[in-house]
$ cat model-v5.tsv   # TSV, C-alpha atoms
chain	number	residue	atom	x	y	z
A	1	MET	CA	103.64	16.04	127.01
A	2	ARG	CA	101.63	17.05	123.95
A	3	THR	CA	104.67	16.42	121.69
A	4	GLN	CA	105.05	12.86	122.98
A	5	TYR	CA	101.35	12.24	122.37
A	6	ARG	CA	101.68	13.40	118.74
A	7	VAL	CA	104.65	11.08	118.23
A	8	HIS	CA	103.05	7.97	119.77
A	9	LEU	CA	99.63	8.30	118.12
A	10	PRO	CA	100.82	7.65	114.51
A	11	THR	CA	102.97	4.76	115.79
A	12	LEU	CA	99.96	3.11	117.44
A	13	VAL	CA	97.83	3.55	114.32
A	14	LEU	CA	100.60	2.01	112.19
A	15	LEU	CA	100.89	-1.00	114.52
A	16	VAL	CA	97.13	-1.61	114.40
A	17	PHE	CA	97.19	-1.89	110.60
A	18	LEU	CA	100.49	-3.75	110.29
A	19	VAL	CA	100.01	-6.45	112.96
A	20	PRO	CA	97.72	-9.19	111.61
A	21	PRO	CA	94.87	-10.38	113.84
A	22	SER	CA	95.82	-13.42	115.89
A	23	ARG	CA	94.26	-16.79	115.09
A	24	PRO	CA	92.92	-19.10	117.80
A	25	VAL	CA	95.55	-21.49	119.14
A	26	CYS	CA	94.93	-25.10	118.15
A	27	VAL	CA	96.05	-27.93	120.43
A	28	ASP	CA	95.77	-31.51	119.18
A	29	VAL	CA	94.54	-33.39	122.25
A	30	PRO	CA	93.52	-37.07	122.31
A	31	SER	CA	89.93	-38.10	122.86
A	32	ASP	CA	88.57	-39.66	126.02
A	33	THR	CA	88.22	-43.41	125.64
A	34	GLU	CA	85.86	-44.30	128.49
A	35	ALA	CA	82.13	-43.64	128.57
A	36	VAL	CA	79.51	-44.33	131.22
A	37	LEU	CA	76.38	-46.21	130.25
A	38	GLY	CA	73.42	-43.92	129.49
A	39	THR	CA	75.43	-40.69	129.41
A	40	SER	CA	76.65	-38.44	126.61
A	41	MET	CA	80.13	-39.04	125.17
A	42	LYS	CA	82.26	-36.72	123.05
A	43	LEU	CA	84.57	-38.31	120.47
A	44	THR	CA	87.31	-35.73	119.97
A	45	CYS	CA	88.88	-35.35	116.54
A	46	ILE	CA	91.28	-32.43	116.06
A	47	SER	CA	93.43	-31.64	113.04
A	48	CYS	CA	95.25	-28.32	113.43
A	49	MET	CA	95.42	-26.33	110.22
A	50	LYS	CA	98.62	-25.06	108.70
A	51	ARG	CA	98.75	-21.63	107.13
A	52	GLU	CA	98.13	-22.95	103.61
A	53	GLU	CA	95.12	-24.98	104.77
A	54	VAL	CA	93.01	-22.05	105.96
A	55	LYS	CA	91.22	-21.61	102.60
A	56	ALA	CA	90.84	-25.32	101.89
A	57	LYS	CA	87.55	-27.22	101.71
A	58	THR	CA	87.18	-29.69	104.56
A	59	TYR	CA	85.46	-33.05	104.37
A	60	VAL	CA	84.91	-35.27	107.41
A	61	ASN	CA	83.67	-38.86	107.61
A	62	TRP	CA	83.17	-40.84	110.80
A	63	TYR	CA	83.18	-44.64	110.83
A	64	TYR	CA	82.39	-47.21	113.50
A	65	ILE	CA	84.20	-50.56	113.42
A	66	ALA	CA	82.74	-53.46	115.38
A	67	GLN	CA	84.16	-56.95	115.63
A	68	LYS	CA	81.78	-59.85	115.09
A	69	GLU	CA	82.40	-62.57	117.62
A	70	GLU	CA	81.12	-65.40	115.45
A	71	ASP	CA	83.58	-64.95	112.57
A	72	ASP	CA	86.17	-62.51	114.04
A	73	LYS	CA	85.64	-60.16	111.10
A	74	LEU	CA	85.59	-56.39	111.29
A	75	GLU	CA	82.47	-54.56	110.18
A	76	LYS	CA	82.99	-50.92	109.18
A	77	THR	CA	79.93	-48.65	109.27
A	78	HIS	CA	79.69	-45.07	107.98
A	79	ILE	CA	77.91	-43.12	110.74
A	80	TYR	CA	78.48	-39.38	110.16
A	81	LYS	CA	79.70	-36.96	107.49
A	82	TYR	CA	80.50	-33.29	107.00
A	83	GLU	CA	80.70	-31.85	103.49
A	84	ASP	CA	79.75	-28.60	101.76
A	85	ASN	CA	79.39	-26.93	105.19
A	86	VAL	CA	76.65	-29.39	106.17
A	87	ALA	CA	76.95	-31.96	108.98
A	88	GLU	CA	74.53	-34.88	108.94
A	89	GLU	CA	74.03	-38.37	110.29
A	90	VAL	CA	74.13	-41.44	108.08
A	91	ASP	CA	71.40	-44.06	108.30
A	92	GLY	CA	72.47	-46.84	110.64
A	93	PRO	CA	72.60	-47.95	114.27
A	94	PHE	CA	73.57	-44.46	115.51
A	95	LYS	CA	70.80	-42.59	113.71
A	96	GLY	CA	69.24	-39.98	116.00
A	97	ARG	CA	71.99	-40.17	118.64
A	98	LEU	CA	74.85	-38.26	116.98
A	99	THR	CA	75.39	-34.50	117.00
A	100	TRP	CA	78.12	-32.34	115.49
A	101	ASN	CA	80.55	-30.93	118.08
A	102	GLY	CA	83.14	-29.32	115.80
A	103	SER	CA	84.56	-25.81	115.82
A	104	GLN	CA	83.63	-23.03	113.40
A	105	ASP	CA	87.12	-22.93	111.88
A	106	LEU	CA	87.00	-26.73	111.30
A	107	GLN	CA	90.14	-27.48	113.24
A	108	GLU	CA	88.02	-29.65	115.51
A	109	MET	CA	85.67	-32.16	113.88
A	110	SER	CA	84.30	-33.91	116.96
A	111	ILE	CA	80.94	-35.61	117.35
A	112	ARG	CA	78.88	-36.48	120.42
A	113	ILE	CA	77.02	-39.71	121.13
A	114	LYS	CA	73.85	-39.41	123.21
A	115	ASN	CA	72.59	-42.15	125.52
A	116	VAL	CA	75.65	-44.39	125.22
A	117	THR	CA	75.02	-48.16	125.23
A	118	PHE	CA	77.32	-51.17	125.63
A	119	ASN	CA	76.97	-51.79	121.88
A	120	ASP	CA	78.76	-48.46	121.25
A	121	SER	CA	82.06	-49.92	122.45
A	122	GLY	CA	84.56	-50.38	119.65
A	123	LEU	CA	86.84	-48.51	117.28
A	124	TYR	CA	85.90	-45.17	115.74
A	125	GLU	CA	87.71	-43.57	112.81
A	126	CYS	CA	87.66	-39.87	111.99
A	127	HIS	CA	88.66	-39.32	108.34
A	128	VAL	CA	89.61	-35.71	107.53
A	129	ARG	CA	90.38	-34.49	104.01
A	130	ARG	CA	91.21	-30.96	102.96
A	131	ASP	CA	91.25	-29.98	99.28
A	132	PHE	CA	93.27	-26.93	98.23
A	133	GLU	CA	92.85	-24.82	95.12
A	134	PHE	CA	96.00	-23.23	93.67
A	135	GLY	CA	95.01	-22.46	90.10
A	136	PHE	CA	95.43	-25.60	87.98
A	137	PHE	CA	97.00	-27.51	90.88
A	138	SER	CA	94.63	-28.99	93.48
A	139	PRO	CA	96.54	-30.91	96.17
A	140	SER	CA	94.83	-32.51	99.16
A	141	PHE	CA	95.69	-33.48	102.72
A	142	SER	CA	94.22	-36.48	104.54
A	143	ILE	CA	94.48	-37.82	108.08
A	144	ILE	CA	92.76	-40.57	110.08
A	145	LYS	CA	92.26	-40.40	113.85
A	146	ASN	CA	91.47	-43.63	115.72
A	147	ILE	CA	89.49	-43.74	118.98
A	148	THR	CA	88.87	-46.96	120.91
A	149	LEU	CA	85.79	-46.47	123.08
A	150	ASN	CA	85.06	-48.60	126.14
A	151	VAL	CA	81.61	-48.28	127.71
A	152	LYS	CA	81.34	-49.04	131.44
A	153	LYS	CA	78.42	-49.29	133.81
A	154	LYS	CA	80.00	-46.93	136.35
A	155	ALA	CA	82.72	-44.31	136.09
A	156	THR	CA	86.15	-45.41	137.27
A	157	ALA	CA	88.06	-43.24	139.72
A	158	ASP	CA	90.65	-40.98	138.16
A	159	PRO	CA	94.08	-41.66	139.79
A	160	THR	CA	95.17	-38.07	139.14
A	161	ALA	CA	92.17	-36.71	141.03
A	162	ILE	CA	92.84	-39.06	143.95
A	163	TYR	CA	96.51	-38.05	144.16
A	164	SER	CA	95.57	-34.38	143.93
A	165	GLU	CA	93.08	-34.74	146.80
A	166	ILE	CA	95.66	-36.53	148.97
A	167	MET	CA	98.27	-33.85	148.27
A	168	MET	CA	95.74	-31.15	149.13
A	169	TYR	CA	95.10	-32.68	152.57
A	170	VAL	CA	98.82	-33.18	153.20
A	171	LEU	CA	99.49	-29.57	152.29
A	172	LEU	CA	96.63	-28.41	154.50
A	173	VAL	CA	98.01	-30.35	157.51
A	174	PHE	CA	101.52	-29.01	156.87
A	175	LEU	CA	100.33	-25.40	156.63
A	176	THR	CA	98.28	-25.79	159.82
A	177	PHE	CA	101.27	-27.20	161.68
A	178	TRP	CA	103.53	-24.43	160.34
A	179	LEU	CA	101.00	-21.81	161.46
A	180	LEU	CA	100.93	-23.26	164.98
A	181	VAL	CA	104.74	-23.23	165.15
A	182	GLU	CA	104.82	-19.60	164.02
A	183	MET	CA	102.20	-18.63	166.61
A	184	VAL	CA	104.16	-20.32	169.43
A	185	TYR	CA	107.40	-18.70	168.23
A	186	CYS	CA	105.81	-15.23	168.11
A	187	TYR	CA	104.19	-15.71	171.52
A	188	ARG	CA	107.50	-16.71	173.12
A	189	LYS	CA	109.28	-13.82	171.44
A	190	ILE	CA	106.69	-11.31	172.68
A	191	SER	CA	106.84	-12.77	176.21
A	192	LYS	CA	110.61	-12.53	176.24
A	193	SER	CA	110.46	-8.91	175.08
A	194	ASP	CA	108.00	-8.08	177.86
A	195	GLU	CA	110.28	-9.69	180.46
A	196	GLN	CA	113.27	-7.70	179.21
A	197	ALA	CA	111.23	-4.52	179.28
A	198	GLN	CA	110.20	-5.17	182.89
A	199	ASP	CA	113.81	-5.95	183.93
A	200	THR	CA	114.97	-2.71	182.32
A	201	ALA	CA	112.23	-0.75	184.07
A	202	TYR	CA	113.41	-2.04	187.49

$ encode --input "model-v5.tsv" --output "structure tokens"
Amino acid sequence: MRTQYRVHLPTLVLLVFLVPPSRPVCVDVPSDTEAVLGTSMKLTCISCMKREEVKAKTYVNWYYIAQKEEDDKLEKTHIYKYEDNVAEEVDGPFKGRLTWNGSQDLQEMSIRIKNVTFNDSGLYECHVRRDFEFGFFSPSFSIIKNITLNVKKKATADPTAIYSEIMMYVLLVFLTFWLLVEMVYCYRKISKSDEQAQDTAY
């Protein structure tokens, strides 16, 4: 027993130093596109890093694009930025209602809108740029995520939740019925055994 312990202990120590620590798993999920009037809404922007991007500098810019009804032109407004490890709002219609909701490793660069209004409906763009430093060569990576937000007065029912609730009740009825059948079957089996036992006794 002591010999096995001496053999396994150096192996465990070697594994601890050789196996690199695991990084958090990044999943690129789309943002919600419906908000309820007067509530808080998260605009999700995720850009999963590759191995070579871990030591890059990340810059994020959020834009809001509204369509003017009178001339059908698009108006693009800079509303939020993240640079030099500082997140801050930009002067404009969203001033005082935006907060940073990104992750510490900067794989998620989301923002949150407080007290959503009907005027917040429209297209949002999340511009992400990562600058790498490899000696004299400084490549960069850029990506744009688009989110079309629709503000409603009341929340709409989620079809998935409705189907799940229906299936839950169906399953509950089926299990109840199956339990009753099993109880009747067991009762009849026990009664039959008692009758056979009585016949054998006589």

$ atom_distance --input "model-v5.tsv" --atom1 "atom CA of A:Gly96" --atom2 "atom CA of A:Thr33"
21.6 Å

$ atom_distance --input "model-v5.tsv" --atom1 "atom CA of A:Tyr82" --atom2 "atom CA of A:Tyr59"
5.6 Å

$ closest_atom_pairs --input "model-v5.tsv" --of "stretch 148-189 of chain A" --to "stretch 108-116 of chain A" --cutoff "12 Å" --atoms "all atoms listed in the file" --output "Markdown table"
| residue | atom | partner | partner_atom | distance |
| --- | --- | --- | --- | --- |
| A:Leu149 | CA | A:Val116 | CA | 10.6 |
| A:Asn150 | CA | A:Val116 | CA | 10.3 |
| A:Val151 | CA | A:Val116 | CA | 7.5 |
| A:Lys152 | CA | A:Val116 | CA | 9.6 |
| A:Lys153 | CA | A:Val116 | CA | 10.3 |

$ closest_residue --input "model-v5.tsv" --among "A:Val86, A:Ser191, A:Gln107, A:Ile147" --to "A:Val25" --atoms "only C-alpha atoms"
A:Gln107

$ atom_distance --input "model-v5.tsv" --atom1 "atom CA of A:Lys154" --atom2 "atom CA of A:Ala66"
22.1 Å

$ residues_near_point --input "model-v5.tsv" --point "(93.5, -39.3, 97.9)" --cutoff "8 Å" --atoms "only C-alpha atoms" --output "number ranges by chain"
A: 140-142

$ closest_residue --input "model-v5.tsv" --among "A:Leu106, A:Ile65, A:Val90, A:Val170" --to "A:Tyr124" --atoms "all atoms listed in the file"
A:Ile65

$ closest_residue --input "model-v5.tsv" --among "A:His78, A:Arg51, A:Glu125, A:Arg188" --to "A:Ile144" --atoms "all atoms listed in the file"
A:Glu125

$ closest_residue --input "model-v5.tsv" --among "A:Thr117, A:Thr200, A:Gln104, A:Thr148" --to "A:Asn85" --atoms "only C-alpha atoms"
A:Gln104

$ closest_residue --input "model-v5.tsv" --among "A:Cys26, A:Leu179, A:Ala56, A:Leu171" --to "A:Ser103" --atoms "all atoms listed in the file"
A:Cys26

$ closest_residue --input "model-v5.tsv" --among "A:Glu89, A:Tyr64, A:Ser164, A:Lys57" --to "A:Ser138" --atoms "all atoms listed in the file"
A:Lys57

$ residues_around --input "model-v5.tsv" --residues "A:Ile143" --least-positions-apart "3" --cutoff "7 Å" --atoms "all atoms listed in the file" --output "MDAnalysis selection string"
chainID A and resid 127:129

$ residues_around --input "model-v5.tsv" --residues "A:Lys55" --least-positions-apart "5" --cutoff "10 Å" --atoms "all atoms listed in the file" --output "list of chain:residue names"
A:Met49, A:Arg130, A:Asp131, A:Phe132, A:Glu133

$ write_last_selection --input "model-v5.tsv" --atoms "C-alpha atoms" --output "PDB file, in the coordinates of the input"
ATOM      1  CA  MET A  49      95.420 -26.330 110.220  1.00  0.00           C
ATOM      2  CA  ARG A 130      91.210 -30.960 102.960  1.00  0.00           C
ATOM      3  CA  ASP A 131      91.250 -29.980  99.280  1.00  0.00           C
ATOM      4  CA  PHE A 132      93.270 -26.930  98.230  1.00  0.00           C
ATOM      5  CA  GLU A 133      92.850 -24.820  95.120  1.00  0.00           C
TER       6      GLU A 133
END
